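Below is input-v4.cif, holding mmCIF, C-alpha atoms.
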data_my_file
loop_
_atom_site.label_atom_id
_atom_site.label_comp_id
_atom_site.auth_asym_id
_atom_site.auth_seq_id
_atom_site.Cartn_x
_atom_site.Cartn_y
_atom_site.Cartn_z
CA MET A 1 43.16 29.22 -32.50
CA SER A 2 42.97 28.43 -36.22
CA GLY A 3 42.57 31.10 -38.88
CA ASP A 4 42.86 31.77 -42.59
CA ASN A 5 46.17 33.06 -43.97
CA SER A 6 46.38 35.58 -46.80
CA ASP A 7 47.30 32.80 -49.23
CA GLY A 8 44.14 30.85 -48.44
CA THR A 9 45.78 28.21 -46.27
CA THR A 10 44.51 27.52 -42.75
CA SER A 11 46.74 27.98 -39.74
CA ARG A 12 46.19 25.90 -36.63
CA GLY A 13 46.98 26.33 -32.97
CA LEU A 14 48.54 23.80 -30.63
CA PHE A 15 45.20 22.60 -29.22
CA ASP A 16 43.11 22.75 -32.43
CA GLY A 17 41.70 19.25 -32.79
CA TYR A 18 43.27 18.25 -29.46
CA GLU A 19 41.06 20.20 -27.07
CA GLY A 20 40.71 17.16 -24.81
CA TYR A 21 44.32 17.53 -23.70
CA ARG A 22 43.98 21.08 -22.38
CA THR A 23 43.85 21.38 -18.60
CA PRO A 24 40.85 23.45 -17.42
CA THR A 25 41.64 26.79 -15.78
CA ALA A 26 39.99 28.64 -12.91
CA ALA A 27 38.44 30.93 -15.53
CA ASP A 28 36.88 27.90 -17.25
CA TYR A 29 35.23 26.79 -14.01
CA GLU A 30 34.00 30.29 -13.23
CA ARG A 31 32.45 30.59 -16.68
CA LEU A 32 30.81 27.16 -16.42
CA MET A 33 29.31 27.81 -13.01
CA LYS A 34 27.95 31.18 -14.02
CA SER A 35 26.80 30.50 -17.58
CA GLY A 36 27.31 26.83 -18.47
CA LEU A 37 25.25 23.66 -18.11
CA ILE A 38 25.90 21.75 -14.87
CA VAL A 39 24.78 18.13 -15.13
CA LEU A 40 24.58 15.91 -12.03
CA ASP A 41 25.06 12.15 -12.17
CA THR A 42 22.84 9.76 -10.18
CA ASN A 43 25.48 9.11 -7.53
CA VAL A 44 25.63 12.83 -6.67
CA LEU A 45 21.96 12.75 -5.70
CA LEU A 46 22.03 9.37 -3.94
CA ASP A 47 25.17 10.28 -2.01
CA LEU A 48 23.19 12.91 -0.11
CA TYR A 49 21.95 9.96 1.97
CA ARG A 50 25.48 8.62 2.49
CA MET A 51 27.05 11.93 3.55
CA ASN A 52 27.14 12.93 7.19
CA HIS A 53 24.66 15.59 8.25
CA ARG A 54 27.06 18.54 7.92
CA VAL A 55 28.42 17.59 4.50
CA ARG A 56 24.85 16.93 3.30
CA ALA A 57 23.69 20.39 4.39
CA ASP A 58 26.72 22.03 2.76
CA MET A 59 26.20 20.15 -0.51
CA LEU A 60 22.56 21.27 -0.64
CA THR A 61 23.77 24.84 -0.07
CA VAL A 62 26.19 24.48 -2.99
CA LEU A 63 23.51 23.05 -5.27
CA ASP A 64 21.18 25.89 -4.31
CA SER A 65 23.84 28.41 -5.35
CA LEU A 66 24.05 26.67 -8.74
CA GLN A 67 20.32 26.16 -9.19
CA ASP A 68 19.96 28.25 -12.34
CA ARG A 69 22.66 26.21 -14.08
CA LEU A 70 21.56 22.73 -12.96
CA TRP A 71 20.10 20.16 -15.33
CA ILE A 72 19.37 16.48 -14.75
CA PRO A 73 19.09 13.89 -17.55
CA HIS A 74 15.93 11.81 -17.36
CA GLN A 75 18.06 8.67 -17.10
CA VAL A 76 19.56 10.01 -13.87
CA ILE A 77 16.13 10.55 -12.30
CA GLU A 78 15.03 7.09 -13.42
CA GLU A 79 18.08 5.56 -11.73
CA PHE A 80 17.58 7.74 -8.66
CA TRP A 81 14.05 6.52 -8.02
CA ARG A 82 15.03 2.94 -8.78
CA ASN A 83 17.65 3.05 -6.02
CA GLN A 84 16.38 5.62 -3.53
CA GLN A 85 14.29 3.27 -1.37
CA GLN A 86 16.88 0.51 -1.04
CA ASP A 87 17.76 -0.48 2.52
CA GLY A 88 21.47 -0.17 1.79
CA LEU A 89 20.99 3.51 0.94
CA LEU A 90 18.47 4.74 3.50
CA GLY A 91 20.10 2.65 6.21
CA HIS A 92 23.65 3.51 5.17
CA HIS A 93 24.74 5.12 8.45
CA ILE A 94 23.04 2.52 10.62
CA ASP A 95 24.64 -0.30 8.59
CA ARG A 96 28.10 1.26 8.83
CA ALA A 97 27.64 1.75 12.57
CA SER A 98 26.58 -1.87 12.95
CA GLN A 99 29.64 -3.08 11.05
CA ALA A 100 31.94 -0.93 13.20
CA LYS A 101 30.37 -2.24 16.41
CA GLN A 102 30.65 -5.83 15.22
CA THR A 103 34.34 -5.26 14.58
CA LEU A 104 34.76 -3.82 18.08
CA THR A 105 32.97 -6.82 19.60
CA LYS A 106 35.15 -9.25 17.68
CA ALA A 107 38.26 -7.34 18.74
CA ARG A 108 37.17 -7.66 22.37
CA GLU A 109 36.64 -11.39 21.96
CA SER A 110 40.04 -11.74 20.29
CA ILE A 111 41.68 -9.93 23.20
CA ARG A 112 39.93 -12.18 25.71
CA GLN A 113 40.94 -15.30 23.80
CA ALA A 114 44.53 -14.09 23.59
CA ILE A 115 44.65 -13.53 27.35
CA ASN A 116 43.08 -16.92 28.10
CA ARG A 117 45.44 -18.66 25.70
CA TRP A 118 48.42 -16.95 27.29
CA ALA A 119 47.24 -17.87 30.81
CA LYS A 120 47.03 -21.54 29.81
CA GLU A 121 50.37 -21.52 28.04
CA VAL A 122 52.15 -20.11 31.10
CA HIS A 123 50.14 -22.37 33.47
CA LEU A 124 48.72 -19.40 35.37
CA SER A 125 46.93 -20.64 38.49
CA GLU A 126 43.40 -19.54 39.31
CA ASP A 127 44.59 -17.82 42.51
CA ALA A 128 47.53 -16.02 40.92
CA PRO A 129 47.68 -12.33 42.04
CA ILE A 130 47.58 -11.15 38.44
CA ARG A 131 44.15 -12.71 37.92
CA GLY A 132 42.43 -9.83 39.71
CA LYS A 133 44.20 -7.25 37.58
CA LEU A 134 43.31 -9.17 34.42
CA GLU A 135 39.65 -9.17 35.43
CA GLU A 136 39.80 -5.43 36.12
CA GLY A 137 41.36 -4.86 32.72
CA SER A 138 38.71 -7.01 31.06
CA ALA A 139 35.94 -5.06 32.80
CA GLY A 140 37.57 -1.82 31.68
CA LEU A 141 37.74 -3.16 28.14
CA ASP A 142 34.02 -4.00 28.24
CA SER A 143 33.21 -0.52 29.47
CA ALA A 144 35.36 1.09 26.78
CA ILE A 145 33.77 -0.98 24.01
CA GLU A 146 30.28 -0.09 25.23
CA SER A 147 31.17 3.61 25.40
CA LEU A 148 32.61 3.54 21.89
CA SER A 149 29.54 1.70 20.61
CA ASP A 150 27.28 4.34 22.15
CA LEU A 151 29.28 7.12 20.48
CA ILE A 152 29.04 5.36 17.11
CA ASP A 153 25.26 4.95 17.51
CA GLU A 154 24.91 8.59 18.46
CA GLN A 155 26.79 9.74 15.36
CA ALA A 156 24.84 7.37 13.09
CA SER A 157 21.57 8.68 14.49
CA SER A 158 22.71 12.24 13.83
CA ASP A 159 23.81 11.47 10.25
CA GLU A 160 20.79 9.39 9.24
CA VAL A 161 18.23 11.27 7.13
CA PRO A 162 15.10 11.58 9.30
CA GLY A 163 11.85 10.39 7.76
CA SER A 164 13.62 9.01 4.70
CA ALA A 165 11.16 6.13 4.34
CA ASP A 166 8.39 8.67 3.61
CA THR A 167 9.00 10.90 0.60
CA ASN A 168 6.58 13.47 2.09
CA ARG A 169 8.84 13.88 5.14
CA ASP A 170 12.27 13.19 3.65
CA PRO A 171 14.28 16.47 3.80
CA VAL A 172 16.54 15.32 0.95
CA ILE A 173 13.55 14.76 -1.32
CA GLN A 174 12.03 18.07 -0.25
CA GLY A 175 15.28 19.90 -1.00
CA LEU A 176 15.76 18.24 -4.39
CA GLU A 177 12.14 18.79 -5.39
CA SER A 178 12.57 22.52 -4.94
CA LEU A 179 16.02 22.62 -6.55
CA LEU A 180 15.20 20.57 -9.62
CA GLN A 181 11.73 21.79 -10.50
CA GLY A 182 11.72 22.39 -14.26
CA ARG A 183 15.34 21.22 -14.55
CA ILE A 184 14.85 17.55 -15.45
CA GLY A 185 15.00 16.29 -19.01
CA ALA A 186 12.13 14.53 -20.74
CA PRO A 187 12.23 10.75 -21.27
CA MET A 188 13.54 9.50 -24.59
CA PRO A 189 10.95 8.14 -27.03
CA ASP A 190 10.86 4.34 -26.84
CA ALA A 191 12.29 3.88 -30.34
CA ASP A 192 15.19 6.28 -29.64
CA ARG A 193 15.88 4.60 -26.29
CA ASP A 194 15.95 1.13 -27.85
CA GLU A 195 18.32 2.37 -30.55
CA ALA A 196 20.57 3.99 -27.93
CA ILE A 197 20.73 0.78 -25.89
CA ALA A 198 21.74 -1.16 -28.99
CA THR A 199 24.37 1.47 -29.77
CA ALA A 200 25.70 1.29 -26.21
CA LYS A 201 26.15 -2.46 -26.56
CA SER A 202 28.01 -2.18 -29.86
CA ARG A 203 30.24 0.59 -28.47
CA ALA A 204 31.01 -1.50 -25.39
CA ALA A 205 32.22 -4.34 -27.61
CA ILE A 206 35.03 -2.09 -28.86
CA LYS A 207 35.54 -0.37 -25.47
CA GLN A 208 34.27 2.99 -26.69
CA PRO A 209 33.45 5.18 -23.69
CA PRO A 210 31.41 5.79 -21.70
CA GLY A 211 29.82 2.75 -20.05
CA PHE A 212 31.74 -0.23 -21.44
CA ARG A 213 32.78 -1.27 -17.93
CA ASP A 214 29.16 -1.91 -16.95
CA PHE A 215 28.84 -4.38 -19.81
CA GLU A 216 32.14 -6.02 -18.83
CA GLU A 217 30.89 -6.44 -15.26
CA GLY A 218 27.86 -8.33 -16.47
CA LYS A 219 25.10 -5.82 -15.82
CA PRO A 220 22.00 -6.80 -17.79
CA ASP A 221 20.44 -4.67 -20.52
CA PRO A 222 19.22 -1.96 -20.26
CA ALA A 223 20.96 -1.23 -16.92
CA ALA A 224 24.39 -1.68 -18.52
CA ALA A 225 23.53 1.06 -21.00
CA GLY A 226 22.72 3.59 -18.26
CA ASP A 227 25.94 5.60 -18.55
CA TYR A 228 25.59 5.87 -22.31
CA LEU A 229 21.96 7.02 -21.99
CA VAL A 230 23.08 9.75 -19.59
CA TRP A 231 25.81 10.72 -22.06
CA VAL A 232 23.43 10.95 -25.02
CA GLN A 233 20.93 13.05 -23.08
CA LEU A 234 23.70 15.34 -21.80
CA MET A 235 24.98 16.00 -25.32
CA GLU A 236 21.48 16.64 -26.66
CA GLU A 237 20.79 19.26 -24.00
CA ALA A 238 24.16 20.98 -24.47
CA LYS A 239 23.52 21.12 -28.21
CA ARG A 240 20.01 22.45 -27.73
CA ARG A 241 21.21 25.24 -25.46
CA GLY A 242 24.43 25.88 -27.38
CA ILE A 243 26.67 25.95 -24.30
CA ASP A 244 29.54 24.03 -22.69
CA ALA A 245 28.68 21.38 -20.10
CA LEU A 246 30.13 20.34 -16.77
CA PHE A 247 29.35 16.75 -15.78
CA VAL A 248 29.63 16.10 -12.03
CA THR A 249 30.05 12.46 -11.02
CA ARG A 250 31.64 10.25 -8.37
CA ASP A 251 31.95 7.41 -10.90
CA LEU A 252 35.71 7.15 -11.31
CA LYS A 253 35.79 4.19 -13.71
CA GLU A 254 38.19 4.38 -16.60
CA ASP A 255 35.35 4.54 -19.12
CA TRP A 256 34.75 8.16 -18.01
CA TRP A 257 38.15 9.44 -16.92
CA ARG A 258 41.60 9.24 -18.43
CA ASN A 259 44.51 8.11 -16.30
CA SER A 260 46.14 10.90 -14.34
CA MET A 261 49.19 11.20 -12.14
CA LYS A 262 48.60 11.00 -8.40
CA GLY A 263 47.70 14.40 -7.01
CA MET A 264 46.78 15.81 -10.43
CA PRO A 265 43.21 16.86 -11.29
CA ARG A 266 41.22 14.19 -13.09
CA GLN A 267 40.13 14.94 -16.64
CA PRO A 268 37.56 13.32 -18.91
CA ARG A 269 38.70 10.88 -21.53
CA VAL A 270 39.84 12.58 -24.70
CA GLU A 271 37.37 10.50 -26.74
CA LEU A 272 34.48 12.02 -24.79
CA VAL A 273 35.74 15.58 -25.22
CA ASP A 274 36.15 14.94 -28.95
CA GLU A 275 32.69 13.38 -29.31
CA MET A 276 31.10 16.24 -27.40
CA ARG A 277 32.74 18.78 -29.68
CA SER A 278 31.82 16.80 -32.78
CA VAL A 279 28.15 16.41 -31.81
CA THR A 280 27.49 19.76 -30.12
CA GLY A 281 30.30 22.11 -31.11
CA HIS A 282 30.94 22.72 -27.42
CA GLN A 283 33.31 21.67 -24.67
CA LEU A 284 32.92 18.94 -22.06
CA PHE A 285 34.27 19.40 -18.54
CA MET A 286 34.03 16.93 -15.67
CA MET A 287 34.68 17.04 -11.94
CA GLU A 288 33.93 15.17 -8.74
CA PRO A 289 31.37 16.50 -6.21
CA SER A 290 34.13 17.56 -3.79
CA ASN A 291 35.69 19.76 -6.47
CA LEU A 292 32.26 21.20 -7.27
CA MET A 293 31.88 22.14 -3.60
CA LYS A 294 35.38 23.60 -3.53
CA GLN A 295 34.89 25.71 -6.67
CA ALA A 296 31.41 26.94 -5.74
CA ARG A 297 32.53 27.78 -2.21
CA SER A 298 35.11 30.17 -3.65
CA LEU A 299 33.22 31.56 -6.64
CA PHE A 300 29.98 32.32 -4.83
CA ASP A 301 31.47 33.56 -1.53
CA LEU A 302 30.12 30.60 0.43
CA GLU A 303 33.06 30.36 2.85
CA SER A 304 30.87 31.40 5.78
CA ARG A 305 28.13 28.89 4.89
CA VAL A 306 30.10 25.90 3.56
CA ASP A 307 32.74 24.49 5.89
CA GLN A 308 36.17 23.75 4.38
CA GLN A 309 36.11 20.55 6.44
CA SER A 310 33.12 19.44 4.37
CA VAL A 311 35.27 19.64 1.23
CA THR A 312 37.93 17.51 2.91
CA ALA A 313 35.36 15.05 4.28
CA LEU A 314 33.76 14.73 0.85
CA GLU A 315 37.14 14.02 -0.75
CA GLN A 316 37.71 11.25 1.79
CA PHE A 317 34.20 9.92 1.25
CA GLU A 318 34.69 9.80 -2.51
CA THR A 319 37.95 7.92 -2.14
CA THR A 320 36.32 5.35 0.14
CA GLU A 321 33.04 4.91 -1.74
CA SER A 322 34.40 5.00 -5.28
CA ALA A 323 37.24 2.58 -4.66
CA GLY A 324 34.70 -0.20 -4.16
CA GLY A 325 37.33 -2.38 -2.52
CA GLU A 326 39.51 -4.84 -4.41
CA ARG A 327 38.25 -6.62 -7.49
CA TRP A 328 37.27 -10.24 -7.06
CA ASP A 329 40.09 -12.61 -7.97
CA GLU A 330 40.78 -16.32 -7.73
CA ALA A 331 41.98 -16.17 -4.12
CA ASN A 332 39.14 -14.18 -2.59
CA LEU A 333 36.46 -15.87 -4.70
CA GLU A 334 37.70 -19.28 -3.59
CA ALA A 335 37.66 -18.11 0.04
CA LEU A 336 34.12 -16.79 -0.39
CA ILE A 337 32.82 -19.97 -2.01
CA ASP A 338 34.44 -22.12 0.67
CA LEU A 339 32.78 -20.05 3.40
CA LEU A 340 29.40 -20.10 1.64
CA LEU A 341 29.59 -23.88 1.29
CA GLU A 342 29.73 -23.96 5.08
CA THR A 343 27.14 -21.26 5.80
CA ALA A 344 24.86 -20.82 2.78
CA VAL A 345 25.10 -23.76 0.38
CA VAL A 346 22.29 -22.65 -1.93
CA GLN A 347 23.90 -19.26 -2.52
CA ALA A 348 27.26 -20.91 -3.22
CA GLN A 349 25.67 -23.27 -5.73
CA ALA A 350 23.73 -20.43 -7.34
CA ILE A 351 26.95 -18.49 -7.92
CA LEU A 352 28.69 -21.56 -9.35
CA ASP A 353 25.73 -22.41 -11.57
CA ALA A 354 25.71 -18.84 -12.87
CA ALA A 355 29.38 -19.26 -13.80
CA LEU A 356 28.50 -22.38 -15.79
CA ASN A 357 25.72 -20.49 -17.57
CA ASP A 358 27.59 -17.41 -18.83
CA GLY A 359 27.01 -15.45 -15.64
CA PHE A 360 23.30 -16.00 -15.08
CA VAL A 361 21.31 -18.35 -12.85
CA SER A 362 17.55 -18.45 -13.34
CA ARG A 363 14.94 -18.22 -10.62
CA GLU A 364 13.81 -21.73 -11.48
CA THR A 365 17.33 -23.09 -11.00
CA VAL A 366 17.59 -21.43 -7.58
CA TYR A 367 14.32 -23.06 -6.52
CA ASP A 368 15.61 -26.39 -7.77
CA LEU A 369 18.93 -25.98 -5.93
CA GLY A 370 17.21 -25.17 -2.67
CA GLY A 371 14.29 -27.54 -3.05
CA TYR A 372 12.05 -24.56 -2.35
CA ASP A 373 8.27 -24.59 -2.43
CA ALA A 374 6.76 -22.47 -5.22
CA SER A 375 5.16 -20.13 -2.68
CA ARG A 376 8.51 -19.22 -1.16
CA MET A 377 9.86 -15.70 -1.73
CA LEU A 378 13.51 -14.99 -2.54
CA ARG A 379 13.61 -11.72 -0.67
CA GLY A 380 16.97 -11.44 1.10
CA PHE A 381 18.48 -14.28 -0.93
CA THR A 382 21.75 -12.40 -1.55
CA ARG A 383 22.20 -11.33 2.08
CA PRO A 384 24.36 -14.32 3.09
CA VAL A 385 26.83 -13.41 0.35
CA LYS A 386 27.32 -9.95 1.84
CA THR A 387 27.58 -11.46 5.31
CA ALA A 388 30.24 -13.92 4.15
CA ALA A 389 32.21 -11.15 2.45
CA ARG A 390 32.16 -9.09 5.65
CA ARG A 391 33.41 -12.09 7.62
CA LEU A 392 36.32 -12.47 5.23
CA GLN A 393 37.11 -8.76 5.50
CA ASP A 394 37.05 -8.98 9.30
CA ASP A 395 39.57 -11.82 9.01
CA GLY A 396 41.86 -9.64 6.93
CA VAL A 397 40.92 -10.98 3.47
CA SER A 398 40.49 -8.26 0.82
CA THR A 399 37.36 -8.88 -1.22
CA GLY A 400 35.56 -7.36 -4.13
CA ASP A 401 32.19 -5.63 -3.87
CA ALA A 402 29.77 -8.19 -2.42
CA SER A 403 26.80 -6.39 -4.00
CA GLU A 404 28.20 -7.35 -7.43
CA LEU A 405 27.67 -11.05 -6.78
CA LEU A 406 24.22 -12.51 -7.33
CA LYS A 407 22.61 -9.27 -8.44
CA ALA A 408 18.90 -9.74 -8.94
CA VAL A 409 17.68 -9.34 -12.53
CA TYR A 410 14.21 -7.89 -13.06
CA ASP A 411 12.72 -8.05 -16.54
CA ASN A 412 9.36 -6.66 -15.47
CA GLY A 413 7.56 -6.15 -12.20
CA VAL A 414 8.99 -6.86 -8.77
CA VAL A 415 9.81 -10.57 -9.09
CA ALA A 416 13.41 -11.41 -9.93
CA THR A 417 13.78 -13.64 -12.98
CA GLY A 418 17.19 -14.72 -11.76
CA PHE A 419 20.58 -13.53 -10.56
CA ARG A 420 23.71 -12.41 -12.38
CA ILE A 421 27.39 -12.38 -11.47
CA PRO A 422 29.98 -9.97 -12.95
CA GLN A 423 31.18 -11.14 -16.34
CA TYR A 424 34.84 -10.79 -15.40
CA THR A 425 34.36 -13.34 -12.58
CA VAL A 426 32.84 -16.01 -14.85
CA PRO A 427 36.12 -17.69 -15.97
CA ILE A 428 37.42 -17.85 -12.40
CA LEU A 429 34.18 -19.15 -10.92
CA LYS A 430 33.74 -21.62 -13.76
CA LEU A 431 37.03 -23.26 -12.79
CA LEU A 432 35.93 -23.25 -9.15
CA ALA A 433 32.58 -24.78 -10.13
CA GLU A 434 34.26 -27.57 -12.06
CA ARG A 435 36.60 -28.18 -9.15
CA VAL A 436 33.82 -28.18 -6.53
CA TYR A 437 31.31 -30.26 -8.43
CA GLY A 438 33.93 -32.63 -9.71
CA ALA A 439 35.65 -33.15 -6.37
CA SER A 440 32.91 -33.20 -3.76
CA ASP A 441 29.71 -34.33 -5.47
CA LEU A 442 27.66 -31.73 -3.61
CA ASP A 443 24.14 -32.54 -2.56
CA ARG A 444 22.46 -30.13 -4.94
CA ASP A 445 19.17 -30.46 -3.11
CA ALA A 446 20.86 -28.67 -0.18
CA GLU A 447 18.63 -30.48 2.27
CA GLY A 448 18.02 -28.53 5.42
CA VAL A 449 19.66 -25.34 4.19
CA ASP A 450 17.52 -22.25 4.69
CA SER A 451 20.02 -19.49 5.35
CA GLU A 452 18.89 -16.81 2.95
CA GLU A 453 16.05 -15.53 5.06
#
Write out the structure in this file as structure tokens.
Amino acid sequence: MSGDNSDGTTSRGLFDGYEGYRTPTAADYERLMKSGLIVLDTNVLLDLYRMNHRVRADMLTVLDSLQDRLWIPHQVIEEFWRNQQQDGLLGHHIDRASQAKQTLTKARESIRQAINRWAKEVHLSEDAPIRGKLEEGSAGLDSAIESLSDLIDEQASSDEVPGSADTNRDPVIQGLESLLQGRIGAPMPDADRDEAIATAKSRAAIKQPPGFRDFEEGKPDPAAAGDYLVWVQLMEEAKRRGIDALFVTRDLKEDWWRNSMKGMPRQPRVELVDEMRSVTGHQLFMMEPSNLMKQARSLFDLESRVDQQSVTALEQFETTESAGGERWDEANLEALIDLLLETAVVQAQAILDAALNDGFVSRETVYDLGGYDASRMLRGFTRPVKTAARRLQDDGVSTGDASELLKAVYDNGVVATGFRIPQYTVPILKLLAERVYGASDLDRDAEGVDSEE
């Protein structure tokens, strides 16, 4: 701690001006959870649909214990409602179950093919004694696969949020409505929001955190500025209340967190801690939802109500969900495009055209590529891309996040004005586009192709 010496000079402590390097203590967390500002990111709210039923119930118990400290930036609520009704969220457990069952079915077929191939290679006769045992084994395999599939369906049904398509019946919505009443920030005035979006863009150009990764990945304005808008609103509320803030997020991108050694607690980037102190005079802390559950479980004597296994399960969930798979690279993008050229030509051409147009392909271009009638809808247009990526993954090819490719862009209303690909993939896909168009003279009318529906 700094202070004035008798001769008028100022003495400084080791962490004065370097507060961002200090590791938080248990006392810091206790103080924050009992008297600080606890700010939840959008993914914390949306993940309630992705958690299994026990972890979901335990997280709601934790949030209830922290209710008096909770505060939600308006940007978070805007993003929550924009994403809450998406099929990929509400159907998360059913989709994951379906993928697991498809993998089991393919494994069964691979086993059958392996046996048949072996039988041919060793010239096994149809009346060989082993044939009966092979058939018994195959029947047992079928029975085992069906039993496993039933168990997966049973678990998915248990974990799915009942009534989630109706906000009047959705238990997650009902729980959040009670928890967050009076704890959500007001929207920014239009002029302030426009200025903040412009600032976010200029900061991203020099990689000033947070949020520059979203610009790098080609998200359109104002979506790319979402993290910065959350950040601005968080600082304003901390300054207004005059207290330290704890930001809880599953977003593990490097524009929020500084690099840490494996097994060590993650800490916010020093630049963010410094900016928070400069703007508000107070300290920024950050943690993942699993750590929030762990700390609250201990501090508020919730051991009997919040299962330790839920903490462990949430840690595993965060690792899986936040990793987002491998990034797209030349090898897996080429494999994806090759597969799409066989199964969904229009989608392949749309991705390649986007690469030739700085990452964006317009709605009009898509209609031209597919030779579509003007009355045709593009609902489900990106689905074949996700299907192709899953096929590659089943074949052992590591891919990037399929939802990144051909992301619909909405300027206003519900009609997409076009589709965007991540900015970092543009140079790779541009080379692929030049190679494909130059080498094969594709039929860009894609006659007869109608695979997006």
Item to complete: Determine, counting all atoms listed in the file, which protein, DNA and RNA residues have an atom within 9 Å of an atom of A:Val426; residues of the same chain fewer than 2 positions away are not included. Present the result as a PyMOL selection string.
Response: chain A and resi 352+354-359+421-424+428-431
Enumerate, as a ChimeraX atom specification, the protein, DNA and RNA residues whose atoms approach (29.9, 28.6, -11.8) to within 10 Å, taking into account all atoms listed in the file and the coordinate frame of the file.
-> /A:27-38,65-66,68-69,246,292,295-300
What does the file look like for those residues with C-alpha atoms, as a JSON list (two decimals), keeping the file's coordinate frame?
[["chain", "number", "residue", "atom", "x", "y", "z"],
["A", 27, "ALA", "CA", 38.44, 30.93, -15.53],
["A", 28, "ASP", "CA", 36.88, 27.90, -17.25],
["A", 29, "TYR", "CA", 35.23, 26.79, -14.01],
["A", 30, "GLU", "CA", 34.00, 30.29, -13.23],
["A", 31, "ARG", "CA", 32.45, 30.59, -16.68],
["A", 32, "LEU", "CA", 30.81, 27.16, -16.42],
["A", 33, "MET", "CA", 29.31, 27.81, -13.01],
["A", 34, "LYS", "CA", 27.95, 31.18, -14.02],
["A", 35, "SER", "CA", 26.80, 30.50, -17.58],
["A", 36, "GLY", "CA", 27.31, 26.83, -18.47],
["A", 37, "LEU", "CA", 25.25, 23.66, -18.11],
["A", 38, "ILE", "CA", 25.90, 21.75, -14.87],
["A", 65, "SER", "CA", 23.84, 28.41, -5.35],
["A", 66, "LEU", "CA", 24.05, 26.67, -8.74],
["A", 68, "ASP", "CA", 19.96, 28.25, -12.34],
["A", 69, "ARG", "CA", 22.66, 26.21, -14.08],
["A", 246, "LEU", "CA", 30.13, 20.34, -16.77],
["A", 292, "LEU", "CA", 32.26, 21.20, -7.27],
["A", 295, "GLN", "CA", 34.89, 25.71, -6.67],
["A", 296, "ALA", "CA", 31.41, 26.94, -5.74],
["A", 297, "ARG", "CA", 32.53, 27.78, -2.21],
["A", 298, "SER", "CA", 35.11, 30.17, -3.65],
["A", 299, "LEU", "CA", 33.22, 31.56, -6.64],
["A", 300, "PHE", "CA", 29.98, 32.32, -4.83]]
- prompt: Looking at A:Asp353, A:Glu154, A:Asp47, A:Asp307, which one is nearest to A:Arg420, with distances taken over only C-alpha atoms?
  reply: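 Of all the options, A:Asp353 lies closest to A:Arg420.
Comparing A:Ser278, A:Arg22, A:Ser11, A:Ala389 by their smallest distance to A:Arg266, the closest is A:Arg22 (using all atoms listed in the file).
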What separates atom CA of A:Leu179 and atom CA of A:Gln155 is a distance of 27.6 Å
Sphere at (17.5, 12.5, -19.3), radius 12 Å, counting all atoms listed in the file: residues as a PDB file with C-alpha atoms, in the frame of the given file:
ATOM      1  CA  VAL A  39      24.780  18.130 -15.130  1.00  0.00           C
ATOM      2  CA  LEU A  40      24.580  15.910 -12.030  1.00  0.00           C
ATOM      3  CA  ASP A  41      25.060  12.150 -12.170  1.00  0.00           C
ATOM      4  CA  THR A  42      22.840   9.760 -10.180  1.00  0.00           C
ATOM      5  CA  TRP A  71      20.100  20.160 -15.330  1.00  0.00           C
ATOM      6  CA  ILE A  72      19.370  16.480 -14.750  1.00  0.00           C
ATOM      7  CA  PRO A  73      19.090  13.890 -17.550  1.00  0.00           C
ATOM      8  CA  HIS A  74      15.930  11.810 -17.360  1.00  0.00           C
ATOM      9  CA  GLN A  75      18.060   8.670 -17.100  1.00  0.00           C
ATOM     10  CA  VAL A  76      19.560  10.010 -13.870  1.00  0.00           C
ATOM     11  CA  ILE A  77      16.130  10.550 -12.300  1.00  0.00           C
ATOM     12  CA  GLU A  78      15.030   7.090 -13.420  1.00  0.00           C
ATOM     13  CA  GLU A  79      18.080   5.560 -11.730  1.00  0.00           C
ATOM     14  CA  PHE A  80      17.580   7.740  -8.660  1.00  0.00           C
ATOM     15  CA  ARG A 183      15.340  21.220 -14.550  1.00  0.00           C
ATOM     16  CA  ILE A 184      14.850  17.550 -15.450  1.00  0.00           C
ATOM     17  CA  GLY A 185      15.000  16.290 -19.010  1.00  0.00           C
ATOM     18  CA  ALA A 186      12.130  14.530 -20.740  1.00  0.00           C
ATOM     19  CA  PRO A 187      12.230  10.750 -21.270  1.00  0.00           C
ATOM     20  CA  MET A 188      13.540   9.500 -24.590  1.00  0.00           C
ATOM     21  CA  PRO A 189      10.950   8.140 -27.030  1.00  0.00           C
ATOM     22  CA  ARG A 193      15.880   4.600 -26.290  1.00  0.00           C
ATOM     23  CA  GLY A 226      22.720   3.590 -18.260  1.00  0.00           C
ATOM     24  CA  ASP A 227      25.940   5.600 -18.550  1.00  0.00           C
ATOM     25  CA  TYR A 228      25.590   5.870 -22.310  1.00  0.00           C
ATOM     26  CA  LEU A 229      21.960   7.020 -21.990  1.00  0.00           C
ATOM     27  CA  VAL A 230      23.080   9.750 -19.590  1.00  0.00           C
ATOM     28  CA  TRP A 231      25.810  10.720 -22.060  1.00  0.00           C
ATOM     29  CA  VAL A 232      23.430  10.950 -25.020  1.00  0.00           C
ATOM     30  CA  GLN A 233      20.930  13.050 -23.080  1.00  0.00           C
ATOM     31  CA  LEU A 234      23.700  15.340 -21.800  1.00  0.00           C
ATOM     32  CA  MET A 235      24.980  16.000 -25.320  1.00  0.00           C
ATOM     33  CA  GLU A 236      21.480  16.640 -26.660  1.00  0.00           C
ATOM     34  CA  GLU A 237      20.790  19.260 -24.000  1.00  0.00           C
ATOM     35  CA  ALA A 238      24.160  20.980 -24.470  1.00  0.00           C
TER      36      ALA A 238
END
Nearby residues (only C-alpha atoms) at most 10 Å from A:Asn259, same-chain spacing under 6 positions excluded, as number ranges by chain:
A: 253, 266-269
